[in-house]
Amino acid sequence: MSNPFAQGNYAPVKQEHTCADLPVVGRIPDHLDGRYLRNGPNPSAEIDPDTYNWFMGDGMVHGIRLRDGRAEWYRNRWIRSPHVSRALGEPPGPRDPRAGLDVLGANTNVIGHAGRTLALVEAGATNYELTDELDTIGPCSFDGTLPGGYTAHPKRDPETGELHAVSYFFGRGNTVQYSVIGADGRARRTVDVEVGGSPMMHDFSLTENHVVFYDLPVTFDARQATATVAPSWLRRPAQLVLSALIGRIRIPDPITARMGRFAPANSGFPYRWNPRYPARIGVMPRAGGDVRWFDVGPCYVFHPLNAYDTENGIVLDVVRHAKVFDADVTGPSEGAPTLDRWTVDFKTGRVREERLDDREQEFPRVDERLLGKKHRYGYSVGADTLFKHDLASGRTETRSFGEGNQVGEFVFEPNAADSAEDDGVLMGLRYSAAEHRSDLLLLDAETLETVAEVQLPDRVPNGFHGNWVPTE
């Protein structure tokens with residue numbers, strides 16, 4: 001079997017680099033003082049291409065330090081999970097049973113919060129704290145205030161600096177957890193929310209007044225979970241036990257810890273498309289109260305662009321996948337994801353679904369100062385194209401990087417705290433097949449023209465999410 005997520009620029013790099021004074025083409029804006037960080041899968045050992053799922057690779061964080069118009073350094077480091085430490089021949093680092101299952105190095109997102117650098121993952125797996133230079137400090141449970149894992153997609157309230165999140169885990173029964181972590185890095189509130197079973201809830205939306213849950217038909221699959229790790233004689237009874245428990249009752253922590261071996265690093269993925277599971281979104285007041293549920297057409301949403309309140313409901317701009325993890329369980333490759341708008345009407349109890357852009361795209365981002373508020377611009381990427389969506393005029397501008405180039409998610413950083421919505425810099429990685437390496441691109445957000453290119457010594461494999469972490 002040919003696995004597309006183990007080839008080309010999806011294949012892992014084998015070396016950790018520490019490089020200083022990187023070459024720069026163009027001029028890095030003087031106000032950029034901080035680190036651009038990007039996380040993604042990078043298996044540390046050999047994989048089975050027949051079973052490997054892109055979401056399950058060991059995590060590796062890449063970072064570029066910018067200051068005074070210079071690119072001071074580039075580093076890439078594996079997250080030192082126990083599995084990675086063994087693969088690299090190193091002694092295992094500290095463990096924290098409160099931090100979740102330590103079966104997978106945090107491979108999905110990387111953020112700065114409360115003076116810490118955090119590598120994030122979801123589904124009850126362990127998140128890790130890193131040094132400023134990206135070496136692993138150890139598991140993160142937010143000083144013990146949030147046990148049981150976290151999420152890959154927290155959202156920072158631009159007014160308070162708090163992190164809001166929705167976390168899922170197969171051991172929670174038919175609930176997910178909404179949490180608020182204060183600007184001090186400690187959880188101050190958690191709420192269990194009942195859902196339809198055990199869905200993969202990769203992301204959520206936050207408005208000024210509401211939390212939005214995406215309860216969609218990708219759910220824990222007992223057969224998929226046991227297929228690659230349980231001996232053949234044990235698979236059927238294991239499947240029956242898992243099917244009877246998962247999504248129905250909360251499973252005690254010692255048992256879930258043992259069950260964690262069903263999802264080891266660099267293996268198959270224990271979630272799959274479930275056509276029998278209703279697709280719906282839930283809306284809960286941030287101040288507390290009941291969740292109100294609204295039906296939507298069957299689909300999956302990994303990433304919303306943004307959301308905001310209206311007089312009679314909520315507007316949700318999302319990247320919609322018609323289906324994922326059905327015929328292909330190696331990665332999200334079934335059909336072209338599109339940018340859609342869902343308008344929730346509290347009076348009628350319905351959701352109006354409309355297409356904003358039908359071109360294939362993912363990894364949507366918005367000016368984070370407007371998170372949860374009405375926005376005009378949004379940015380997303382196709383294989384070799386950056387999209388700038390003007391949601392006020394309905395126009396979309398594009399920047400194509402040409403055949404043989406691939407780009408990842410771009411993050412927006414304003415030129416000043418009070419700059420206009422597209423007065424800033426877009427930062428993201430471009431891979432060149434011809435040169436077999438990557439650059440960090442800095443683009444003018446208004447024109448999409450290149451401001452500067454930071455040339456890296458190696459390629460950065462296609463991965464997931466990146467962020468600009470300014471120097472405090």
# chains A, B, ... in the order shown; residues from 1 in each chain; ligands from 1

$ closest_atom_pairs --of "stretch 311-378 of chain A" --to "stretch 282-306 of chain A" --cutoff "6 Å" --atoms "only C-alpha atoms" --output "JSON lines"
{"residue": "A:Asp317", "atom": "CA", "partner": "A:Leu305", "partner_atom": "CA", "distance": 5.3}
{"residue": "A:Val318", "atom": "CA", "partner": "A:Pro304", "partner_atom": "CA", "distance": 4.0}
{"residue": "A:Val319", "atom": "CA", "partner": "A:His303", "partner_atom": "CA", "distance": 5.9}
{"residue": "A:Arg320", "atom": "CA", "partner": "A:Val301", "partner_atom": "CA", "distance": 5.2}
{"residue": "A:His321", "atom": "CA", "partner": "A:Tyr300", "partner_atom": "CA", "distance": 5.0}
{"residue": "A:Ala322", "atom": "CA", "partner": "A:Cys299", "partner_atom": "CA", "distance": 4.6}
{"residue": "A:Lys323", "atom": "CA", "partner": "A:Cys299", "partner_atom": "CA", "distance": 5.5}
{"residue": "A:Pro364", "atom": "CA", "partner": "A:Leu305", "partner_atom": "CA", "distance": 5.0}
{"residue": "A:Arg365", "atom": "CA", "partner": "A:Leu305", "partner_atom": "CA", "distance": 5.6}

$ select_by_dssp --residues "stretch 227-378 of chain A" --states "strand (DSSP E)" --output "MDAnalysis selection string"
chainID A and resid 271:273 280:285 292:295 304:309 313:320 338:345 350:357 362:365 377:378

$ write_last_selection --atoms "N, CA and C atoms" --output "short mmCIF file (atom, residue, chain, number, x, y, z; two decimals), in the first residue's frame"
data_model
loop_
_atom_site.label_atom_id
_atom_site.label_comp_id
_atom_site.auth_asym_id
_atom_site.auth_seq_id
_atom_site.Cartn_x
_atom_site.Cartn_y
_atom_site.Cartn_z
N TYR A 271 -10.17 6.81 15.29
CA TYR A 271 -11.42 7.50 15.00
C TYR A 271 -11.75 7.32 13.52
N ARG A 272 -13.07 7.26 13.22
CA ARG A 272 -13.48 6.98 11.84
C ARG A 272 -14.84 7.62 11.56
N TRP A 273 -15.10 7.85 10.28
CA TRP A 273 -16.39 8.37 9.84
C TRP A 273 -17.51 7.41 10.28
N ARG A 280 -24.38 17.81 14.34
CA ARG A 280 -25.05 18.94 14.99
C ARG A 280 -24.00 19.84 15.63
N ILE A 281 -24.42 21.06 15.92
CA ILE A 281 -23.58 21.99 16.68
C ILE A 281 -24.33 22.41 17.93
N GLY A 282 -23.59 22.64 18.99
CA GLY A 282 -24.17 23.05 20.26
C GLY A 282 -23.72 24.45 20.63
N VAL A 283 -24.62 25.23 21.19
CA VAL A 283 -24.32 26.60 21.60
C VAL A 283 -24.60 26.74 23.09
N MET A 284 -23.58 27.16 23.84
CA MET A 284 -23.70 27.32 25.28
C MET A 284 -23.27 28.73 25.67
N PRO A 285 -24.03 29.41 26.52
CA PRO A 285 -23.58 30.73 26.99
C PRO A 285 -22.25 30.61 27.73
N ARG A 292 -27.80 24.43 23.69
CA ARG A 292 -28.86 24.29 22.71
C ARG A 292 -28.27 23.69 21.44
N TRP A 293 -28.89 22.64 20.91
CA TRP A 293 -28.34 21.90 19.78
C TRP A 293 -29.09 22.23 18.49
N PHE A 294 -28.30 22.28 17.38
CA PHE A 294 -28.83 22.62 16.06
C PHE A 294 -28.30 21.60 15.06
N ASP A 295 -29.18 21.03 14.25
CA ASP A 295 -28.78 20.06 13.24
C ASP A 295 -28.09 20.74 12.06
N PRO A 304 -12.65 25.97 12.29
CA PRO A 304 -13.40 27.19 11.98
C PRO A 304 -12.45 28.36 11.77
N LEU A 305 -12.86 29.28 10.92
CA LEU A 305 -12.10 30.51 10.71
C LEU A 305 -12.32 31.47 11.87
N ASN A 306 -13.59 31.74 12.18
CA ASN A 306 -13.94 32.63 13.28
C ASN A 306 -15.45 32.53 13.48
N ALA A 307 -15.95 33.16 14.53
CA ALA A 307 -17.38 33.19 14.84
C ALA A 307 -17.69 34.48 15.56
N TYR A 308 -18.94 34.93 15.41
CA TYR A 308 -19.36 36.12 16.15
C TYR A 308 -20.87 36.11 16.36
N ASP A 309 -21.28 36.85 17.38
CA ASP A 309 -22.69 36.95 17.74
C ASP A 309 -23.41 37.94 16.83
N GLY A 313 -28.58 35.35 16.71
CA GLY A 313 -27.87 34.08 16.63
C GLY A 313 -26.37 34.24 16.54
N ILE A 314 -25.75 33.40 15.72
CA ILE A 314 -24.30 33.35 15.60
C ILE A 314 -23.94 33.08 14.14
N VAL A 315 -22.86 33.71 13.67
CA VAL A 315 -22.29 33.42 12.37
C VAL A 315 -21.01 32.61 12.57
N LEU A 316 -20.93 31.49 11.87
CA LEU A 316 -19.76 30.61 11.94
C LEU A 316 -19.17 30.47 10.54
N ASP A 317 -17.92 30.89 10.36
CA ASP A 317 -17.20 30.65 9.11
C ASP A 317 -16.28 29.46 9.34
N VAL A 318 -16.46 28.40 8.56
CA VAL A 318 -15.77 27.13 8.81
C VAL A 318 -15.22 26.56 7.51
N VAL A 319 -14.19 25.73 7.63
CA VAL A 319 -13.76 24.90 6.51
C VAL A 319 -14.46 23.56 6.65
N ARG A 320 -15.27 23.23 5.64
CA ARG A 320 -16.15 22.05 5.71
C ARG A 320 -15.61 20.92 4.84
N THR A 338 -14.01 23.07 1.69
CA THR A 338 -14.41 24.39 1.18
C THR A 338 -14.67 25.34 2.34
N LEU A 339 -14.65 26.64 2.04
CA LEU A 339 -14.97 27.64 3.05
C LEU A 339 -16.48 27.91 3.01
N ASP A 340 -17.14 27.64 4.13
CA ASP A 340 -18.59 27.78 4.23
C ASP A 340 -18.96 28.72 5.36
N ARG A 341 -20.18 29.22 5.30
CA ARG A 341 -20.73 30.04 6.38
C ARG A 341 -22.00 29.37 6.91
N TRP A 342 -22.03 29.17 8.21
CA TRP A 342 -23.22 28.65 8.89
C TRP A 342 -23.80 29.77 9.75
N THR A 343 -25.04 30.09 9.52
CA THR A 343 -25.72 31.13 10.30
C THR A 343 -26.75 30.47 11.20
N VAL A 344 -26.50 30.53 12.48
CA VAL A 344 -27.39 29.92 13.48
C VAL A 344 -28.48 30.93 13.84
N ASP A 345 -29.72 30.52 13.69
CA ASP A 345 -30.87 31.38 13.99
C ASP A 345 -31.53 30.87 15.27
N ARG A 350 -32.77 26.83 13.46
CA ARG A 350 -32.15 26.23 12.28
C ARG A 350 -30.81 26.89 11.96
N VAL A 351 -30.06 26.19 11.12
CA VAL A 351 -28.77 26.69 10.65
C VAL A 351 -28.84 26.82 9.12
N ARG A 352 -28.55 28.00 8.62
CA ARG A 352 -28.47 28.22 7.17
C ARG A 352 -27.03 27.99 6.73
N GLU A 353 -26.85 27.06 5.79
CA GLU A 353 -25.52 26.71 5.30
C GLU A 353 -25.32 27.27 3.89
N GLU A 354 -24.22 27.98 3.69
CA GLU A 354 -23.93 28.53 2.37
C GLU A 354 -22.45 28.43 2.07
N ARG A 355 -22.10 28.36 0.80
CA ARG A 355 -20.72 28.23 0.34
C ARG A 355 -20.14 29.61 0.10
N LEU A 356 -18.98 29.90 0.73
CA LEU A 356 -18.29 31.16 0.49
C LEU A 356 -17.22 31.03 -0.59
N ASP A 357 -16.53 29.89 -0.62
CA ASP A 357 -15.50 29.68 -1.64
C ASP A 357 -15.37 28.17 -1.85
N GLU A 362 -7.64 24.80 3.47
CA GLU A 362 -7.65 24.41 4.89
C GLU A 362 -6.85 25.43 5.69
N PHE A 363 -6.68 25.15 6.98
CA PHE A 363 -5.90 25.94 7.92
C PHE A 363 -6.30 27.42 7.89
N PRO A 364 -7.57 27.73 8.15
CA PRO A 364 -8.00 29.13 8.15
C PRO A 364 -7.52 29.87 9.38
N ARG A 365 -7.16 31.13 9.20
CA ARG A 365 -6.73 31.99 10.30
C ARG A 365 -7.35 33.37 10.14
N TYR A 377 -11.58 39.99 7.23
CA TYR A 377 -10.62 39.21 6.45
C TYR A 377 -10.35 37.86 7.11
N GLY A 378 -10.09 36.87 6.27
CA GLY A 378 -9.64 35.57 6.73
C GLY A 378 -8.64 35.02 5.73
#

$ closest_residue --among "A:Gly331, A:Gly182, A:Gly115, A:Pro457" --to "A:Lys155" --atoms "only C-alpha atoms"
A:Gly182

$ atom_distance --atom1 "atom CA of A:Thr131" --atom2 "atom CA of A:Glu409"
23.3 Å

$ residues_around --residues "A:Pro23" --least-positions-apart "5" --cutoff "8 Å" --atoms "only C-alpha atoms" --output "ChimeraX atom specification"
/A:71,454-456

$ write_last_selection --atoms "N, CA, C and O atoms" --output "mmCIF file, in the first residue's frame"
data_model
loop_
_atom_site.group_PDB
_atom_site.id
_atom_site.type_symbol
_atom_site.label_atom_id
_atom_site.label_comp_id
_atom_site.auth_asym_id
_atom_site.auth_seq_id
_atom_site.Cartn_x
_atom_site.Cartn_y
_atom_site.Cartn_z
ATOM 1 N N ALA A 71 17.360 37.068 11.536
ATOM 2 C CA ALA A 71 16.891 35.727 11.872
ATOM 3 C C ALA A 71 17.997 35.074 12.692
ATOM 4 O O ALA A 71 18.964 34.537 12.144
ATOM 5 N N VAL A 454 13.187 33.942 5.023
ATOM 6 C CA VAL A 454 14.242 33.413 5.876
ATOM 7 C C VAL A 454 14.560 32.005 5.383
ATOM 8 O O VAL A 454 13.696 31.119 5.393
ATOM 9 N N GLN A 455 15.774 31.789 4.926
ATOM 10 C CA GLN A 455 16.155 30.521 4.321
ATOM 11 C C GLN A 455 16.607 29.535 5.396
ATOM 12 O O GLN A 455 17.535 29.812 6.162
ATOM 13 N N LEU A 456 15.940 28.386 5.437
ATOM 14 C CA LEU A 456 16.225 27.367 6.443
ATOM 15 C C LEU A 456 17.202 26.343 5.880
ATOM 16 O O LEU A 456 17.281 26.141 4.664
#

$ select_by_dssp --residues "stretch 146-364 of chain A" --states "helix (DSSP H, G or I)" --output "CSV table (one decimal) with all heavy atoms, in the first residue's frame"
chain,number,residue,atom,x,y,z
A,170,PHE,N,-11.6,9.6,24.7
A,170,PHE,CA,-12.6,8.4,24.7
A,170,PHE,C,-12.9,7.9,26.1
A,170,PHE,O,-13.9,7.3,26.3
A,170,PHE,CB,-11.9,7.3,23.9
A,170,PHE,CG,-10.7,6.7,24.5
A,170,PHE,CD1,-10.7,5.8,25.5
A,170,PHE,CD2,-9.5,7.0,23.9
A,170,PHE,CE1,-9.6,5.2,26.0
A,170,PHE,CE2,-8.3,6.4,24.4
A,170,PHE,CZ,-8.4,5.5,25.5
A,171,GLY,N,-12.1,8.2,27.1
A,171,GLY,CA,-12.4,7.8,28.5
A,171,GLY,C,-13.4,8.7,29.2
A,171,GLY,O,-13.8,8.3,30.4
A,172,ARG,N,-13.9,9.8,28.6
A,172,ARG,CA,-14.8,10.7,29.3
A,172,ARG,C,-16.3,10.2,29.2
A,172,ARG,O,-17.2,10.9,29.7
A,172,ARG,CB,-14.7,12.1,28.7
A,172,ARG,CG,-13.4,12.8,29.0
A,172,ARG,CD,-13.5,14.3,28.6
A,172,ARG,NE,-12.2,14.9,28.7
A,172,ARG,CZ,-11.7,15.5,29.8
A,172,ARG,NH1,-12.4,15.4,30.9
A,172,ARG,NH2,-10.5,16.1,29.8
A,222,ALA,N,-13.9,1.1,17.7
A,222,ALA,CA,-13.2,0.0,18.4
A,222,ALA,C,-12.4,-0.9,17.5
A,222,ALA,O,-11.3,-1.3,17.8
A,222,ALA,CB,-14.3,-0.8,19.2
A,223,ARG,N,-13.0,-1.2,16.3
A,223,ARG,CA,-12.3,-2.1,15.4
A,223,ARG,C,-11.0,-1.4,14.9
A,223,ARG,O,-9.9,-2.1,14.8
A,223,ARG,CB,-13.2,-2.4,14.2
A,223,ARG,CG,-12.6,-3.5,13.3
A,223,ARG,CD,-13.5,-4.0,12.3
A,223,ARG,NE,-13.9,-3.0,11.3
A,223,ARG,CZ,-14.7,-3.2,10.3
A,223,ARG,NH1,-15.2,-4.5,10.1
A,223,ARG,NH2,-15.0,-2.3,9.4
A,224,GLN,N,-11.1,-0.2,14.5
A,224,GLN,CA,-9.9,0.6,14.1
A,224,GLN,C,-8.8,0.6,15.2
A,224,GLN,O,-7.6,0.5,15.0
A,224,GLN,CB,-10.3,2.0,13.6
A,224,GLN,CG,-9.2,2.8,13.0
A,224,GLN,CD,-8.9,2.3,11.6
A,224,GLN,OE1,-9.6,1.5,11.0
A,224,GLN,NE2,-7.8,2.7,11.0
A,225,ALA,N,-9.3,0.8,16.5
A,225,ALA,CA,-8.4,1.0,17.6
A,225,ALA,C,-7.6,-0.3,17.9
A,225,ALA,O,-6.4,-0.2,18.3
A,225,ALA,CB,-9.2,1.4,18.8
A,226,THR,N,-8.3,-1.4,17.7
A,226,THR,CA,-7.6,-2.7,18.1
A,226,THR,C,-6.9,-3.4,16.9
A,226,THR,O,-6.1,-4.3,17.1
A,226,THR,CB,-8.6,-3.7,18.7
A,226,THR,OG1,-9.7,-3.9,17.7
A,226,THR,CG2,-9.3,-3.1,19.9
A,227,ALA,N,-7.1,-2.9,15.7
A,227,ALA,CA,-6.7,-3.6,14.5
A,227,ALA,C,-5.2,-3.8,14.4
A,227,ALA,O,-4.6,-4.8,14.0
A,227,ALA,CB,-7.2,-2.9,13.2
A,232,SER,N,-4.5,-11.2,17.2
A,232,SER,CA,-5.8,-11.6,16.4
A,232,SER,C,-6.8,-12.2,17.3
A,232,SER,O,-8.0,-12.0,17.2
A,232,SER,CB,-5.4,-12.5,15.3
A,232,SER,OG,-4.7,-13.6,15.7
A,233,TRP,N,-6.3,-13.1,18.3
A,233,TRP,CA,-7.3,-13.8,19.1
A,233,TRP,C,-8.0,-12.9,20.1
A,233,TRP,O,-9.0,-13.2,20.7
A,233,TRP,CB,-6.5,-14.9,19.9
A,233,TRP,CG,-5.5,-14.5,20.8
A,233,TRP,CD1,-4.1,-14.3,20.5
A,233,TRP,CD2,-5.6,-14.1,22.2
A,233,TRP,NE1,-3.4,-13.8,21.6
A,233,TRP,CE2,-4.3,-13.7,22.6
A,233,TRP,CE3,-6.7,-14.0,23.1
A,233,TRP,CZ2,-4.1,-13.3,23.9
A,233,TRP,CZ3,-6.4,-13.6,24.4
A,233,TRP,CH2,-5.2,-13.2,24.8
A,234,LEU,N,-7.4,-11.7,20.4
A,234,LEU,CA,-7.9,-10.8,21.4
A,234,LEU,C,-8.8,-9.7,20.7
A,234,LEU,O,-9.5,-9.0,21.5
A,234,LEU,CB,-6.8,-10.2,22.2
A,234,LEU,CG,-7.1,-9.3,23.4
A,234,LEU,CD1,-8.0,-10.1,24.4
A,234,LEU,CD2,-5.9,-8.8,24.1
A,235,ARG,N,-8.7,-9.5,19.4
A,235,ARG,CA,-9.3,-8.4,18.8
A,235,ARG,C,-10.8,-8.3,19.0
A,235,ARG,O,-11.4,-7.3,19.4
A,235,ARG,CB,-8.9,-8.3,17.3
A,235,ARG,CG,-7.5,-7.9,17.1
A,235,ARG,CD,-7.1,-8.0,15.6
A,235,ARG,NE,-5.7,-7.8,15.4
A,235,ARG,CZ,-5.1,-8.1,14.3
A,235,ARG,NH1,-5.8,-8.5,13.2
A,235,ARG,NH2,-3.8,-8.0,14.2
A,236,ARG,N,-11.4,-9.5,18.7
A,236,ARG,CA,-12.9,-9.5,18.8
A,236,ARG,C,-13.4,-9.2,20.2
A,236,ARG,O,-14.3,-8.3,20.4
A,236,ARG,CB,-13.5,-10.8,18.3
A,236,ARG,CG,-15.0,-10.9,18.3
A,236,ARG,CD,-15.6,-9.8,17.4
A,236,ARG,NE,-17.0,-9.8,17.4
A,236,ARG,CZ,-17.8,-8.8,17.0
A,236,ARG,NH1,-17.2,-7.7,16.5
A,236,ARG,NH2,-19.1,-9.0,16.9
A,237,PRO,N,-12.9,-9.9,21.3
A,237,PRO,CA,-13.4,-9.5,22.6
A,237,PRO,C,-13.0,-8.1,23.0
A,237,PRO,O,-13.8,-7.4,23.7
A,237,PRO,CB,-12.7,-10.5,23.5
A,237,PRO,CG,-11.6,-11.2,22.7
A,237,PRO,CD,-12.1,-11.1,21.3
A,238,ALA,N,-11.8,-7.6,22.6
A,238,ALA,CA,-11.5,-6.2,22.9
A,238,ALA,C,-12.4,-5.2,22.2
A,238,ALA,O,-12.8,-4.2,22.8
A,238,ALA,CB,-10.0,-5.9,22.4
A,239,GLN,N,-12.8,-5.5,21.0
A,239,GLN,CA,-13.7,-4.7,20.3
A,239,GLN,C,-15.1,-4.6,21.0
A,239,GLN,O,-15.7,-3.6,21.1
A,239,GLN,CB,-13.9,-5.1,18.8
A,239,GLN,CG,-12.7,-4.9,17.9
A,239,GLN,CD,-12.8,-5.7,16.6
A,239,GLN,OE1,-13.9,-6.1,16.2
A,239,GLN,NE2,-11.7,-5.8,15.9
A,240,LEU,N,-15.5,-5.8,21.4
A,240,LEU,CA,-16.8,-5.8,22.1
A,240,LEU,C,-16.8,-5.0,23.4
A,240,LEU,O,-17.8,-4.3,23.7
A,240,LEU,CB,-17.2,-7.3,22.4
A,240,LEU,CG,-17.5,-8.1,21.1
A,240,LEU,CD1,-17.7,-9.6,21.5
A,240,LEU,CD2,-18.8,-7.6,20.4
A,241,VAL,N,-15.7,-5.2,24.1
A,241,VAL,CA,-15.6,-4.4,25.4
A,241,VAL,C,-15.6,-2.9,25.1
A,241,VAL,O,-16.3,-2.1,25.8
A,241,VAL,CB,-14.4,-4.9,26.2
A,241,VAL,CG1,-14.2,-4.0,27.4
A,241,VAL,CG2,-14.6,-6.3,26.7
A,242,LEU,N,-14.7,-2.5,24.2
A,242,LEU,CA,-14.6,-1.1,23.9
A,242,LEU,C,-15.9,-0.5,23.4
A,242,LEU,O,-16.4,0.6,23.8
A,242,LEU,CB,-13.5,-0.9,22.8
A,242,LEU,CG,-12.1,-1.0,23.3
A,242,LEU,CD1,-11.1,-0.8,22.1
A,242,LEU,CD2,-11.7,0.0,24.4
A,243,SER,N,-16.6,-1.3,22.5
A,243,SER,CA,-17.9,-0.8,21.9
A,243,SER,C,-18.9,-0.6,23.0
A,243,SER,O,-19.8,0.3,22.9
A,243,SER,CB,-18.4,-1.7,20.8
A,243,SER,OG,-17.5,-1.8,19.8
A,244,ALA,N,-18.9,-1.4,24.0
A,244,ALA,CA,-19.9,-1.3,25.1
A,244,ALA,C,-19.6,-0.2,26.0
A,244,ALA,O,-20.5,0.3,26.7
A,244,ALA,CB,-19.9,-2.7,25.9
A,245,LEU,N,-18.3,0.2,26.1
A,245,LEU,CA,-18.0,1.3,27.1
A,245,LEU,C,-17.8,2.7,26.5
A,245,LEU,O,-18.3,3.6,27.0
A,245,LEU,CB,-16.6,0.9,27.7
A,245,LEU,CG,-16.6,-0.4,28.6
A,245,LEU,CD1,-15.2,-0.6,29.1
A,245,LEU,CD2,-17.6,-0.3,29.7
A,253,ASP,N,-9.6,6.2,35.4
A,253,ASP,CA,-8.3,6.6,34.9
A,253,ASP,C,-7.3,5.4,34.8
A,253,ASP,O,-6.6,5.3,33.8
A,253,ASP,CB,-7.6,7.7,35.7
A,253,ASP,CG,-8.4,9.0,35.6
A,253,ASP,OD1,-9.1,9.1,34.6
A,253,ASP,OD2,-8.2,9.9,36.4
A,254,PRO,N,-7.2,4.5,35.8
A,254,PRO,CA,-6.2,3.4,35.6
A,254,PRO,C,-6.5,2.5,34.4
A,254,PRO,O,-5.6,2.0,33.8
A,254,PRO,CB,-6.4,2.6,36.9
A,254,PRO,CG,-6.9,3.6,37.9
A,254,PRO,CD,-7.8,4.5,37.1
A,255,ILE,N,-7.8,2.4,34.1
A,255,ILE,CA,-8.2,1.5,33.0
A,255,ILE,C,-7.9,2.3,31.7
A,255,ILE,O,-7.4,1.7,30.7
A,255,ILE,CB,-9.7,1.2,33.0
A,255,ILE,CG1,-9.9,0.3,34.3
A,255,ILE,CG2,-10.1,0.4,31.8
A,255,ILE,CD1,-11.4,0.0,34.5
A,256,THR,N,-8.2,3.6,31.6
A,256,THR,CA,-7.9,4.3,30.4
A,256,THR,C,-6.4,4.3,30.1
A,256,THR,O,-6.0,4.3,28.9
A,256,THR,CB,-8.5,5.7,30.4
A,256,THR,OG1,-8.0,6.4,31.5
A,256,THR,CG2,-10.0,5.7,30.5
A,257,ALA,N,-5.6,4.4,31.2
A,257,ALA,CA,-4.2,4.4,31.0
A,257,ALA,C,-3.7,3.1,30.3
A,257,ALA,O,-2.8,3.1,29.4
A,257,ALA,CB,-3.5,4.6,32.3
A,258,ARG,N,-4.3,2.0,30.7
A,258,ARG,CA,-4.0,0.7,30.1
A,258,ARG,C,-4.5,0.6,28.6
A,258,ARG,O,-3.9,0.1,27.7
A,258,ARG,CB,-4.5,-0.5,30.9
A,258,ARG,CG,-3.9,-0.6,32.3
A,258,ARG,CD,-4.6,-1.7,33.1
A,258,ARG,NE,-4.4,-3.0,32.4
A,258,ARG,CZ,-3.4,-3.9,32.6
A,258,ARG,NH1,-2.4,-3.5,33.4
A,258,ARG,NH2,-3.4,-5.0,32.0
A,259,MET,N,-5.7,1.2,28.4
A,259,MET,CA,-6.3,1.2,27.1
A,259,MET,C,-5.5,2.1,26.1
A,259,MET,O,-5.7,2.0,24.9
A,259,MET,CB,-7.7,1.7,27.2
A,259,MET,CG,-8.6,0.7,27.8
A,259,MET,SD,-10.3,1.3,28.1
A,259,MET,CE,-10.8,1.7,26.5
A,260,GLY,N,-4.7,3.0,26.7
A,260,GLY,CA,-4.0,3.9,25.8
A,260,GLY,C,-3.0,3.2,24.9
A,260,GLY,O,-2.7,3.8,23.8
A,261,ARG,N,-2.7,2.0,25.1
A,261,ARG,CA,-1.8,1.2,24.2
A,261,ARG,C,-2.5,0.9,22.9
A,261,ARG,O,-1.9,0.5,21.9
A,261,ARG,CB,-1.4,-0.1,24.9
A,261,ARG,CG,-2.5,-1.1,25.2
A,261,ARG,CD,-2.0,-2.2,26.0
A,261,ARG,NE,-3.0,-3.1,26.4
A,261,ARG,CZ,-3.4,-4.2,25.6
A,261,ARG,NH1,-2.9,-4.4,24.4
A,261,ARG,NH2,-4.4,-5.0,26.0
A,262,PHE,N,-3.9,1.1,22.9
A,262,PHE,CA,-4.6,0.9,21.6
A,262,PHE,C,-4.3,2.1,20.6
A,262,PHE,O,-4.7,2.0,19.4
A,262,PHE,CB,-6.1,0.8,21.8
A,262,PHE,CG,-6.5,-0.5,22.4
A,262,PHE,CD1,-7.1,-0.5,23.7
A,262,PHE,CD2,-6.3,-1.7,21.8
A,262,PHE,CE1,-7.5,-1.7,24.2
A,262,PHE,CE2,-6.7,-2.9,22.3
A,262,PHE,CZ,-7.3,-2.9,23.5

$ residues_around --residues "A:Glu368" --least-positions-apart "5" --cutoff "12 Å" --atoms "only C-alpha atoms" --output "PyMOL selection string"
chain A and resi 155-159+161+206+305-307+373-375+377-379+411-414+417+421-422+424+467-468

$ atom_distance --atom1 "atom CA of A:Asp444" --atom2 "atom CA of A:His31"
13.9 Å

$ residues_around --residues "stretch 74-86 of chain A" --least-positions-apart "3" --cutoff "8 Å" --atoms "only C-alpha atoms" --output "VMD selection string"
chain A and resid 16 to 20 22 42 44 58 to 65 71 89 to 93 102 to 107 119 128 133 to 136 138 265 456

$ write_last_selection --atoms "C-alpha atoms" --output "compact mmCIF listing (two decimals), in the first residue's frame"
# COMPACT_ATOMS: atom_id res chain seq x y z
CA GLU A 16 17.74 18.11 14.76
CA HIS A 17 19.38 21.40 13.77
CA THR A 18 20.74 24.35 15.72
CA CYS A 19 21.64 27.07 13.22
CA ALA A 20 22.49 30.73 13.84
CA LEU A 22 20.12 32.53 8.90
CA ASN A 42 7.72 13.55 12.45
CA SER A 44 11.23 9.09 15.18
CA ASP A 58 5.72 11.84 16.91
CA GLY A 59 5.70 15.60 17.39
CA MET A 60 8.49 17.90 16.23
CA VAL A 61 8.51 21.65 16.80
CA HIS A 62 10.38 23.99 14.46
CA GLY A 63 11.28 27.54 15.50
CA ILE A 64 12.83 30.67 13.99
CA ARG A 65 13.95 33.48 16.28
CA ALA A 71 16.89 35.73 11.87
CA GLY A 89 18.49 6.20 22.83
CA GLU A 90 17.97 8.77 25.58
CA PRO A 91 16.81 8.26 29.17
CA PRO A 92 13.12 9.06 29.61
CA GLY A 93 12.21 12.45 31.01
CA ASP A 102 1.86 9.60 27.27
CA VAL A 103 1.51 7.47 24.14
CA LEU A 104 2.09 10.23 21.60
CA GLY A 105 4.43 13.20 21.44
CA ALA A 106 2.34 16.40 21.22
CA ASN A 107 2.32 16.96 17.46
CA ALA A 119 3.32 21.81 22.53
CA TYR A 128 4.42 19.21 26.90
CA GLU A 133 14.97 26.99 22.70
CA LEU A 134 12.40 24.17 22.20
CA ASP A 135 13.97 21.51 24.39
CA THR A 136 11.42 19.43 26.32
CA GLY A 138 8.20 17.76 30.67
CA ALA A 265 2.60 6.67 18.33
CA LEU A 456 16.23 27.37 6.44
